[in-house]
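Structure file input_27.cif (mmCIF, C-alpha atoms) is printed below.
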data_upload
#
loop_
_atom_site.label_atom_id
_atom_site.label_comp_id
_atom_site.auth_asym_id
_atom_site.auth_seq_id
_atom_site.Cartn_x
_atom_site.Cartn_y
_atom_site.Cartn_z
CA MET A 150 -7.36 34.94 -16.66
CA SER A 151 -7.13 35.77 -20.33
CA GLY A 152 -4.98 35.69 -23.43
CA ASN A 153 -3.46 39.13 -24.07
CA GLY A 154 -5.93 41.09 -26.13
CA SER A 155 -8.57 38.37 -25.95
CA ASP A 156 -12.12 38.74 -24.68
CA ALA A 157 -11.77 35.43 -22.85
CA SER A 158 -11.98 36.10 -19.11
CA PHE A 159 -13.72 34.75 -16.03
CA THR A 160 -13.84 34.95 -12.27
CA PRO A 161 -12.42 31.91 -10.42
CA THR A 162 -14.98 29.95 -8.43
CA ALA A 163 -12.87 26.96 -7.36
CA GLU A 164 -9.33 26.04 -6.48
CA LYS A 165 -8.94 24.16 -9.76
CA ILE A 166 -10.13 26.03 -12.84
CA VAL A 167 -10.80 24.32 -16.13
CA TYR A 168 -11.22 26.52 -19.19
CA THR A 169 -11.79 25.38 -22.78
CA LEU A 170 -10.21 27.71 -25.29
CA THR A 171 -11.98 28.62 -28.49
CA GLN A 172 -9.96 28.30 -31.67
CA SER A 173 -9.62 32.08 -31.77
CA ASP A 174 -8.38 32.22 -28.16
CA ALA A 175 -5.92 29.41 -28.85
CA GLU A 176 -4.40 31.30 -31.77
CA LYS A 177 -4.06 34.47 -29.66
CA LEU A 178 -2.52 32.48 -26.82
CA LYS A 179 0.16 31.18 -29.17
CA VAL A 180 1.04 34.70 -30.31
CA ASP A 181 0.54 36.87 -27.21
CA GLY A 182 0.97 34.46 -24.33
CA LEU A 183 -1.07 34.40 -21.14
CA TYR A 184 -1.40 36.73 -18.21
CA VAL A 185 -3.27 36.46 -14.93
CA ASN A 186 -4.86 39.55 -13.43
CA GLY A 187 -6.56 39.86 -10.06
CA PHE A 188 -6.16 40.71 -6.38
CA GLY A 189 -4.72 37.85 -4.34
CA VAL A 190 -4.37 35.54 -7.34
CA VAL A 191 -1.66 32.90 -7.07
CA LEU A 192 -0.91 30.73 -10.10
CA SER A 193 0.75 27.48 -9.04
CA LYS A 194 0.51 25.32 -12.16
CA ILE A 195 -0.88 25.36 -15.68
CA GLU A 196 -1.84 22.09 -17.37
CA VAL A 197 -2.72 22.06 -21.06
CA CYS A 198 -4.69 19.00 -22.12
CA VAL A 199 -5.57 18.03 -25.67
CA LYS A 200 -8.84 16.21 -26.02
CA SER A 201 -9.18 13.46 -28.62
CA SER A 202 -12.15 11.06 -28.80
CA GLY A 203 -12.95 11.91 -25.19
CA ALA A 204 -9.44 11.06 -23.96
CA SER A 205 -6.93 13.42 -22.44
CA SER A 206 -3.25 13.27 -23.20
CA GLY A 207 -0.52 14.66 -20.97
CA ASN A 208 3.14 15.05 -21.79
CA GLY A 209 5.41 15.05 -18.80
CA SER A 210 3.44 17.59 -16.74
CA GLY A 211 2.58 16.92 -13.12
CA ASN A 212 1.81 13.21 -12.84
CA SER A 213 0.95 12.72 -16.49
CA GLY A 214 3.21 9.74 -17.04
CA GLY A 215 4.70 11.44 -20.08
CA GLN A 216 2.65 9.38 -22.53
CA THR A 217 2.21 10.83 -26.00
CA GLN A 218 -0.64 8.92 -27.63
CA SER A 219 -4.28 9.80 -27.07
CA GLY A 220 -6.87 7.06 -26.68
CA THR A 221 -4.42 4.76 -24.87
CA PRO A 222 -5.09 3.06 -21.53
CA PHE A 223 -3.23 5.75 -19.60
CA ALA A 224 -4.75 8.60 -21.60
CA ASN A 225 -8.20 7.21 -20.84
CA HIS A 226 -7.68 6.35 -17.17
CA GLY A 227 -4.79 8.40 -15.82
CA ALA A 228 -3.34 8.12 -12.33
CA LEU A 229 -4.59 5.13 -10.34
CA HIS A 230 -5.39 4.85 -6.65
CA VAL A 231 -6.45 2.17 -4.19
CA SER A 232 -9.61 2.29 -2.09
CA ASP A 233 -10.81 -0.64 -0.01
CA ALA A 234 -10.29 -3.80 -2.09
CA TYR A 235 -10.15 -2.11 -5.45
CA LEU A 236 -8.00 -0.19 -7.89
CA TYR A 237 -9.60 2.98 -9.27
CA ASP A 238 -8.74 5.28 -12.16
CA GLU A 239 -8.58 9.08 -12.13
CA HIS A 240 -12.34 9.23 -12.79
CA ASN A 241 -12.90 7.22 -9.58
CA GLN A 242 -14.10 4.20 -11.55
CA LYS A 243 -12.94 0.68 -10.74
CA TYR A 244 -10.15 -0.30 -13.10
CA GLN A 245 -8.45 -3.61 -13.78
CA LEU A 246 -4.87 -3.90 -15.02
CA TYR A 247 -3.93 -6.99 -17.03
CA GLY A 248 -1.17 -8.05 -19.36
CA MET A 249 2.06 -9.96 -19.66
CA SER A 250 4.98 -10.35 -17.31
CA THR A 251 8.43 -10.67 -18.79
CA HIS A 252 10.67 -13.49 -17.67
CA GLY A 253 13.83 -12.56 -15.76
CA LEU A 254 15.44 -9.69 -17.63
CA ASN A 255 18.80 -10.56 -16.11
CA PHE A 256 18.74 -13.94 -17.93
CA GLY A 257 20.34 -12.50 -21.06
CA ASP A 258 19.12 -11.50 -24.49
CA ASP A 259 16.82 -14.52 -24.79
CA MET A 260 14.54 -12.79 -22.27
CA SER A 261 15.41 -9.10 -22.50
CA ARG A 262 14.87 -8.91 -26.28
CA TYR A 263 11.12 -8.81 -25.65
CA VAL A 264 11.57 -5.40 -24.03
CA ASN A 265 10.94 -3.34 -27.13
CA GLU A 266 8.31 -0.89 -28.30
CA ALA A 267 7.00 -3.15 -31.09
CA ALA A 268 6.40 -6.01 -28.65
CA PHE A 269 4.54 -3.79 -26.22
CA LYS A 270 2.52 -2.27 -29.07
CA THR A 271 1.51 -5.77 -30.19
CA LEU A 272 0.37 -6.53 -26.65
CA ARG A 273 -1.52 -3.25 -26.45
CA ASP A 274 -3.19 -3.33 -29.87
CA ASP A 275 -3.52 -7.03 -30.78
CA TRP A 276 -3.94 -8.50 -27.30
CA LYS A 277 -5.72 -5.40 -25.90
CA THR A 278 -3.66 -5.37 -22.71
CA ASN A 279 -3.02 -2.25 -20.66
CA CYS A 280 0.02 -3.19 -18.55
CA ILE A 281 3.45 -4.81 -18.75
CA ARG A 282 5.48 -6.21 -15.84
CA LEU A 283 9.27 -5.84 -15.96
CA VAL A 284 10.98 -8.58 -13.93
CA LEU A 285 14.43 -8.09 -12.41
CA TYR A 286 15.85 -10.80 -10.15
CA PRO A 287 18.17 -9.39 -7.47
CA LYS A 288 19.79 -12.47 -5.96
CA GLN A 289 19.84 -15.24 -8.56
CA TYR A 290 21.10 -15.89 -12.08
CA GLY A 291 23.50 -12.97 -12.38
CA GLY A 292 20.89 -10.59 -11.02
CA TYR A 293 21.29 -7.07 -9.74
CA SER A 294 22.74 -8.28 -6.40
CA ASP A 295 24.36 -11.41 -7.83
CA GLY A 296 27.22 -10.04 -9.91
CA GLY A 297 25.08 -8.71 -12.75
CA ASP A 298 25.95 -5.52 -14.65
CA LYS A 299 23.86 -3.08 -12.62
CA ALA A 300 24.00 -0.26 -15.15
CA ALA A 301 23.01 -2.57 -18.02
CA LEU A 302 20.16 -4.12 -16.03
CA LYS A 303 18.88 -0.73 -14.98
CA LYS A 304 18.93 0.38 -18.62
CA ILE A 305 16.78 -2.59 -19.66
CA ILE A 306 14.22 -1.65 -17.03
CA CYS A 307 14.30 2.01 -18.05
CA ASP A 308 13.96 1.09 -21.73
CA GLY A 309 10.88 -0.92 -20.80
CA VAL A 310 9.35 1.90 -18.76
CA ASP A 311 10.06 4.36 -21.57
CA ALA A 312 8.47 2.11 -24.22
CA ALA A 313 5.37 1.47 -22.10
CA THR A 314 5.07 5.17 -21.31
CA LYS A 315 5.32 6.19 -24.97
CA LEU A 316 2.53 3.73 -25.76
CA GLY A 317 0.32 4.94 -22.91
CA MET A 318 0.51 1.64 -21.01
CA TYR A 319 0.88 1.03 -17.31
CA VAL A 320 4.09 -0.68 -16.23
CA ILE A 321 5.17 -2.57 -13.10
CA VAL A 322 8.80 -2.40 -12.00
CA ASP A 323 9.26 -5.74 -10.24
CA TRP A 324 12.10 -6.24 -7.72
CA HIS A 325 11.78 -10.01 -8.11
CA VAL A 326 12.69 -11.37 -4.67
CA HIS A 327 12.28 -15.11 -5.14
CA ASN A 328 12.17 -17.63 -2.30
CA TYR A 329 14.20 -15.73 0.33
CA ASN A 330 13.94 -12.99 2.94
CA PRO A 331 13.63 -9.61 1.16
CA ASN A 332 15.94 -8.05 3.72
CA ASP A 333 18.79 -10.06 2.16
CA THR A 334 18.84 -7.62 -0.76
CA LYS A 335 17.36 -4.60 1.00
CA ALA A 336 20.38 -2.34 0.49
CA ASP A 337 20.28 -2.84 -3.28
CA ALA A 338 16.49 -2.53 -3.30
CA LYS A 339 16.83 0.89 -1.69
CA THR A 340 19.38 1.99 -4.27
CA PHE A 341 17.59 0.59 -7.31
CA LEU A 342 14.01 1.50 -6.41
CA GLY A 343 15.16 4.89 -5.15
CA GLU A 344 16.86 5.65 -8.46
CA ILE A 345 13.99 4.38 -10.61
CA SER A 346 11.30 6.19 -8.61
CA LYS A 347 13.32 9.41 -8.79
CA LYS A 348 13.79 9.10 -12.56
CA TYR A 349 10.07 8.42 -13.08
CA ALA A 350 8.72 10.56 -10.25
CA ASN A 351 6.21 12.29 -12.54
CA HIS A 352 5.09 9.13 -14.31
CA ALA A 353 1.74 8.06 -12.90
CA ASN A 354 1.71 5.01 -15.16
CA VAL A 355 4.52 3.35 -13.17
CA LEU A 356 3.74 0.90 -10.34
CA TYR A 357 6.32 -0.66 -8.02
CA GLU A 358 6.42 -4.28 -6.85
CA ILE A 359 8.95 -4.34 -4.01
CA CYS A 360 9.25 -8.09 -3.31
CA ASN A 361 7.85 -10.74 -5.62
CA GLU A 362 7.75 -14.00 -3.61
CA PRO A 363 9.47 -13.52 -0.21
CA THR A 364 9.02 -17.16 0.81
CA GLY A 365 10.16 -18.33 4.24
CA SER A 366 9.72 -14.77 5.49
CA PRO A 367 7.12 -14.16 8.21
CA TRP A 368 5.03 -11.11 7.46
CA SER A 369 5.29 -9.24 10.75
CA SER A 370 8.97 -9.88 11.45
CA ALA A 371 10.44 -9.77 7.94
CA ILE A 372 8.24 -8.52 5.10
CA LYS A 373 6.37 -5.72 6.85
CA PRO A 374 9.53 -4.16 8.37
CA TYR A 375 11.18 -4.33 4.93
CA ALA A 376 8.16 -2.67 3.31
CA LYS A 377 8.15 0.06 5.97
CA GLU A 378 11.67 1.00 4.87
CA ILE A 379 11.21 0.68 1.11
CA ILE A 380 7.81 2.34 0.68
CA PRO A 381 8.86 5.74 2.15
CA LEU A 382 11.86 5.76 -0.21
CA ILE A 383 9.55 5.47 -3.21
CA ARG A 384 7.00 7.82 -1.68
CA ALA A 385 9.65 10.54 -1.31
CA ASN A 386 9.84 10.64 -5.11
CA ALA A 387 6.44 9.40 -6.25
CA PRO A 388 4.03 10.11 -3.38
CA ASN A 389 0.95 8.67 -5.09
CA ALA A 390 2.41 5.65 -6.89
CA VAL A 391 0.68 2.31 -6.40
CA ILE A 392 3.03 -0.05 -4.55
CA ILE A 393 2.56 -3.83 -4.47
CA VAL A 394 3.94 -5.88 -1.58
CA GLY A 395 4.61 -9.63 -1.75
CA THR A 396 3.31 -12.03 0.88
CA ASN A 397 4.88 -15.12 2.42
CA THR A 398 4.85 -18.63 0.89
CA TRP A 399 5.16 -17.71 -2.78
CA SER A 400 2.84 -14.73 -2.22
CA GLN A 401 -0.16 -16.66 -0.97
CA ASP A 402 -0.37 -15.96 2.78
CA LEU A 403 -2.97 -13.21 2.53
CA ASP A 404 -4.57 -13.55 5.97
CA GLU A 405 -1.25 -13.12 7.75
CA ALA A 406 -0.58 -9.83 5.93
CA TRP A 407 -4.09 -8.43 6.32
CA ALA A 408 -4.12 -9.15 10.06
CA ASP A 409 -1.16 -6.78 10.41
CA LYS A 410 -1.64 -4.57 7.38
CA LEU A 411 0.56 -1.70 6.26
CA ASN A 412 -0.47 1.84 7.10
CA PHE A 413 0.24 3.46 3.74
CA LYS A 414 -2.12 4.67 1.04
CA ASN A 415 -2.17 3.12 -2.44
CA VAL A 416 -0.71 -0.20 -1.32
CA MET A 417 -1.80 -3.59 -2.69
CA TYR A 418 -0.87 -7.12 -1.65
CA THR A 419 0.45 -9.83 -3.94
CA PHE A 420 -1.16 -13.18 -4.66
CA HIS A 421 0.17 -15.70 -7.21
CA PHE A 422 -1.44 -18.78 -8.70
CA TYR A 423 -0.62 -21.53 -11.15
CA ALA A 424 -3.86 -23.09 -12.28
CA SER A 425 -3.02 -26.80 -12.07
CA THR A 426 -1.54 -26.51 -8.57
CA HIS A 427 -3.71 -23.83 -6.98
CA THR A 428 -7.35 -24.67 -7.39
CA GLN A 429 -10.63 -24.03 -5.57
CA SER A 430 -9.23 -23.72 -2.05
CA MET A 431 -6.98 -20.91 -3.23
CA ARG A 432 -9.82 -19.20 -5.07
CA THR A 433 -11.79 -19.32 -1.82
CA ARG A 434 -8.82 -17.76 -0.03
CA VAL A 435 -8.76 -14.88 -2.51
CA GLU A 436 -12.52 -14.33 -2.33
CA ASN A 437 -12.43 -14.26 1.47
CA ALA A 438 -9.63 -11.69 1.43
CA VAL A 439 -11.48 -9.45 -1.04
CA SER A 440 -14.65 -9.68 1.07
CA LYS A 441 -12.63 -8.29 4.01
CA GLY A 442 -11.54 -5.31 1.92
CA MET A 443 -8.01 -6.49 1.05
CA PRO A 444 -6.67 -4.97 -2.21
CA ILE A 445 -5.05 -7.85 -4.11
CA PHE A 446 -2.94 -7.70 -7.27
CA ILE A 447 -2.11 -11.02 -8.93
CA THR A 448 1.20 -9.97 -10.40
CA GLU A 449 1.94 -13.50 -11.63
CA PHE A 450 -0.24 -16.36 -12.78
CA GLY A 451 0.25 -19.39 -14.96
CA THR A 452 -2.03 -21.77 -16.82
CA CYS A 453 -0.05 -24.85 -15.73
CA ASP A 454 1.40 -26.17 -12.48
CA ALA A 455 3.64 -24.20 -10.15
CA SER A 456 6.86 -25.43 -11.77
CA GLY A 457 5.95 -23.46 -14.89
CA ASN A 458 6.49 -26.59 -16.95
CA GLY A 459 3.70 -28.93 -15.91
CA GLY A 460 0.48 -29.79 -17.67
CA PHE A 461 -1.54 -27.00 -19.29
CA ASN A 462 -4.92 -26.72 -17.53
CA LYS A 463 -7.56 -24.83 -19.48
CA THR A 464 -10.45 -25.70 -17.14
CA GLU A 465 -8.80 -24.47 -13.94
CA SER A 466 -7.41 -21.41 -15.74
CA GLU A 467 -10.89 -20.43 -16.87
CA ALA A 468 -12.24 -20.89 -13.35
CA TRP A 469 -9.61 -18.40 -12.19
CA PHE A 470 -10.46 -16.01 -15.04
CA ALA A 471 -14.10 -15.98 -13.92
CA LEU A 472 -13.03 -15.07 -10.38
CA LEU A 473 -10.72 -12.30 -11.58
CA LYS A 474 -13.50 -10.81 -13.66
CA LYS A 475 -16.07 -11.12 -10.85
CA HIS A 476 -13.89 -9.21 -8.37
CA ASN A 477 -12.11 -6.87 -10.78
CA ILE A 478 -8.70 -8.23 -9.73
CA SER A 479 -5.68 -7.07 -11.73
CA HIS A 480 -3.46 -9.86 -13.06
CA MET A 481 -0.30 -10.48 -15.10
CA ASN A 482 0.55 -13.68 -16.97
CA TRP A 483 3.89 -15.47 -16.71
CA SER A 484 5.53 -15.10 -19.16
CA LEU A 485 6.44 -13.20 -22.33
CA CYS A 486 9.13 -15.40 -23.84
CA ASN A 487 9.73 -18.48 -26.01
CA LYS A 488 11.44 -20.56 -23.35
CA ASN A 489 10.60 -24.22 -23.88
CA GLU A 490 8.17 -24.55 -20.98
CA THR A 491 4.41 -24.68 -20.59
CA ALA A 492 4.02 -21.24 -19.04
CA SER A 493 5.65 -19.40 -21.95
CA ALA A 494 3.31 -17.48 -24.25
CA ILE A 495 5.49 -17.75 -27.37
CA SER A 496 6.28 -21.08 -29.05
CA ALA A 497 9.89 -22.24 -28.71
CA SER A 498 10.16 -22.36 -32.52
CA CYS A 499 9.15 -18.70 -32.89
CA ASN A 500 11.94 -16.13 -32.76
CA LYS A 501 9.77 -13.10 -33.48
CA THR A 502 9.83 -10.45 -30.75
CA SER A 503 6.58 -8.76 -31.83
CA ASP A 504 3.61 -9.09 -34.22
CA TRP A 505 2.87 -12.67 -33.23
CA ALA A 506 0.23 -14.61 -35.12
CA ASP A 507 -1.84 -17.09 -33.16
CA SER A 508 0.21 -19.84 -34.79
CA ASP A 509 3.28 -18.39 -33.04
CA LEU A 510 1.73 -18.91 -29.62
CA THR A 511 1.71 -21.82 -27.19
CA GLU A 512 -1.53 -23.28 -25.85
CA SER A 513 -1.05 -21.00 -22.86
CA GLY A 514 -0.41 -17.97 -25.02
CA LYS A 515 -3.55 -18.57 -27.10
CA LEU A 516 -5.74 -19.01 -24.02
CA VAL A 517 -4.34 -15.96 -22.24
CA LYS A 518 -4.63 -13.75 -25.33
CA ALA A 519 -8.28 -14.83 -25.79
CA HIS A 520 -8.92 -14.04 -22.13
CA PHE A 521 -7.43 -10.54 -22.44
CA LEU A 522 -9.50 -9.84 -25.55
CA ALA A 523 -12.64 -10.98 -23.73
CA ILE A 524 -12.15 -8.57 -20.81
CA SER A 525 -10.69 -5.66 -22.78
CA SER A 526 -11.79 -2.25 -21.54
CA ARG A 527 -9.77 0.69 -22.78
#
Is it possible to give me this structure as structure tokens?
Amino acid sequence: MSGNGSDASFTPTAEKIVYTLTQSDAEKLKVDGLYVNGFGVVLSKIEVCVKSSGASSGNGSGNSGGQTQSGTPFANHGALHVSDAYLYDEHNQKYQLYGMSTHGLNFGDDMSRYVNEAAFKTLRDDWKTNCIRLVLYPKQYGGYSDGGDKAALKKIICDGVDAATKLGMYVIVDWHVHNYNPNDTKADAKTFLGEISKKYANHANVLYEICNEPTGSPWSSAIKPYAKEIIPLIRANAPNAVIIVGTNTWSQDLDEAWADKLNFKNVMYTFHFYASTHTQSMRTRVENAVSKGMPIFITEFGTCDASGNGGFNKTESEAWFALLKKHNISHMNWSLCNKNETASAISASCNKTSDWADSDLTESGKLVKAHFLAISSR
């Protein structure tokens, strides 16, 4: 393979060939183009990567995720995959996602206004997070399946994915089934997740959470059959995307799910905790599951009790943080908003939607930000 008129040439020795152009070759390539010469040579794809500070940056090619900034979490770590109990990056190194979850984006502008590039950039650069979770309720509060404006709600989610992608962050699209059987909104889940996964088929920074807290739904008779219908829909568009599946009883019944686990690659199982309510016995439950090889993603945690508005508990929160660090468990904090409740990260008196000072944060927000800074690994 060579640039026309260039001396750059070589004989392929592997299925995937990586060649670093000299400056002279790069200039000739711009002018003369590229040709491939050889018996039996088949060229299936060309990927051009720009290296900056040891990080690669793709732009919409293959499974690049379309991100445009080098040195970002996605530029550094690329497409993720699941093996045994852990999440790995494209270099086959264990990788931990962490960041903020939005509140319900169908709750109106009070919640959806935090879906903006400046907010996500603040979380990426000031809080050193690498992921954002976009929450869409189907059944409640004027949600996607509850009389909400489906086109408008879909646009909010897409705006969030686009902003995260531009910033080189990972993003979770959360179909926020809450306290009911996920099959109740299965038809809309198929439509919505099918459309989103098709739109972002080549975005390896996008993860899919297909049922948040399917409470009162036995795993083998309700959740697993639902997942077996939804996962192939996503896989048809994004065959390697990481998919997260909720578990029964507010996503805490891990043993039930692992005893009858799903037979799909790159699948993780949801666990949620609120530090004042879920203490050592729940930490033991998580540790036992990890020891059995169960890949767990804590897509929602709070520093207070399970109501979201109980007492702030720094001690129990820090005990959880130690466990998450020990086992490299990915986790997302509830929630990025200024709602007047303990779990909110932003003070009720603060109307800023980005560039928050520590004085703009709640006790929870300050603790969670400090935790993210302590574990930061770009």
Would you list the contacts of Asn415 (chain A) as a PyMOL selection string, taking every protein, DNA or RNA residue within 8 Å and counting only C-alpha atoms, but skipping same-chain residues closer than 5 positions in sequence?
chain A and resi 230-232+389-392
Residue contacts of Cys486 (chain A) (10 Å, all atoms listed in the file) excluding same-chain residues fewer than 2 positions away, as a VMD selection string:
chain A and resid 249 to 253 259 to 263 483 to 484 488 to 490 492 to 497 499 to 502 514
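Take CA of Val326 (chain A) and CA of Thr396 (chain A): the distance between them is 10.9 Å.
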Which residues come within 12 Å of Ser370 (chain A), counting all atoms listed in the file, excluding same-chain residues fewer than 5 positions away, as a list of chain:residue names?
A:Asn330, A:Pro331, A:Asn332, A:Gly365, A:Tyr375, A:Ala376, A:Lys377, A:Asn397, A:Glu405, A:Ala406, A:Asp409
Expand the PyMOL selection byres ((chain A and resi 279) around 10) into the individual residues it matches in the shown file, reporting them as an MDAnalysis selection string.
chainID A and resid 221:223 245:249 269 272:274 276:278 280:281 313 316:320 521 525:527
Going by the chain IDs and residue numbers used in this file, which residues fall under the PyMOL selection byres ((chain A and resi 401) around 9)? Write them as a PDB file with C-alpha atoms, in the coordinates of the input.
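Result file follows (expr-v8.pdb):
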ATOM      1  CA  GLU A 362       7.750 -14.000  -3.610  1.00  0.00           C
ATOM      2  CA  GLY A 395       4.610  -9.630  -1.750  1.00  0.00           C
ATOM      3  CA  THR A 396       3.310 -12.030   0.880  1.00  0.00           C
ATOM      4  CA  ASN A 397       4.880 -15.120   2.420  1.00  0.00           C
ATOM      5  CA  THR A 398       4.850 -18.630   0.890  1.00  0.00           C
ATOM      6  CA  TRP A 399       5.160 -17.710  -2.780  1.00  0.00           C
ATOM      7  CA  SER A 400       2.840 -14.730  -2.220  1.00  0.00           C
ATOM      8  CA  ASP A 402      -0.370 -15.960   2.780  1.00  0.00           C
ATOM      9  CA  LEU A 403      -2.970 -13.210   2.530  1.00  0.00           C
ATOM     10  CA  ASP A 404      -4.570 -13.550   5.970  1.00  0.00           C
ATOM     11  CA  THR A 419       0.450  -9.830  -3.940  1.00  0.00           C
ATOM     12  CA  PHE A 420      -1.160 -13.180  -4.660  1.00  0.00           C
ATOM     13  CA  HIS A 421       0.170 -15.700  -7.210  1.00  0.00           C
ATOM     14  CA  PHE A 422      -1.440 -18.780  -8.700  1.00  0.00           C
ATOM     15  CA  MET A 431      -6.980 -20.910  -3.230  1.00  0.00           C
ATOM     16  CA  ARG A 434      -8.820 -17.760  -0.030  1.00  0.00           C
ATOM     17  CA  VAL A 435      -8.760 -14.880  -2.510  1.00  0.00           C
TER      18      VAL A 435
END
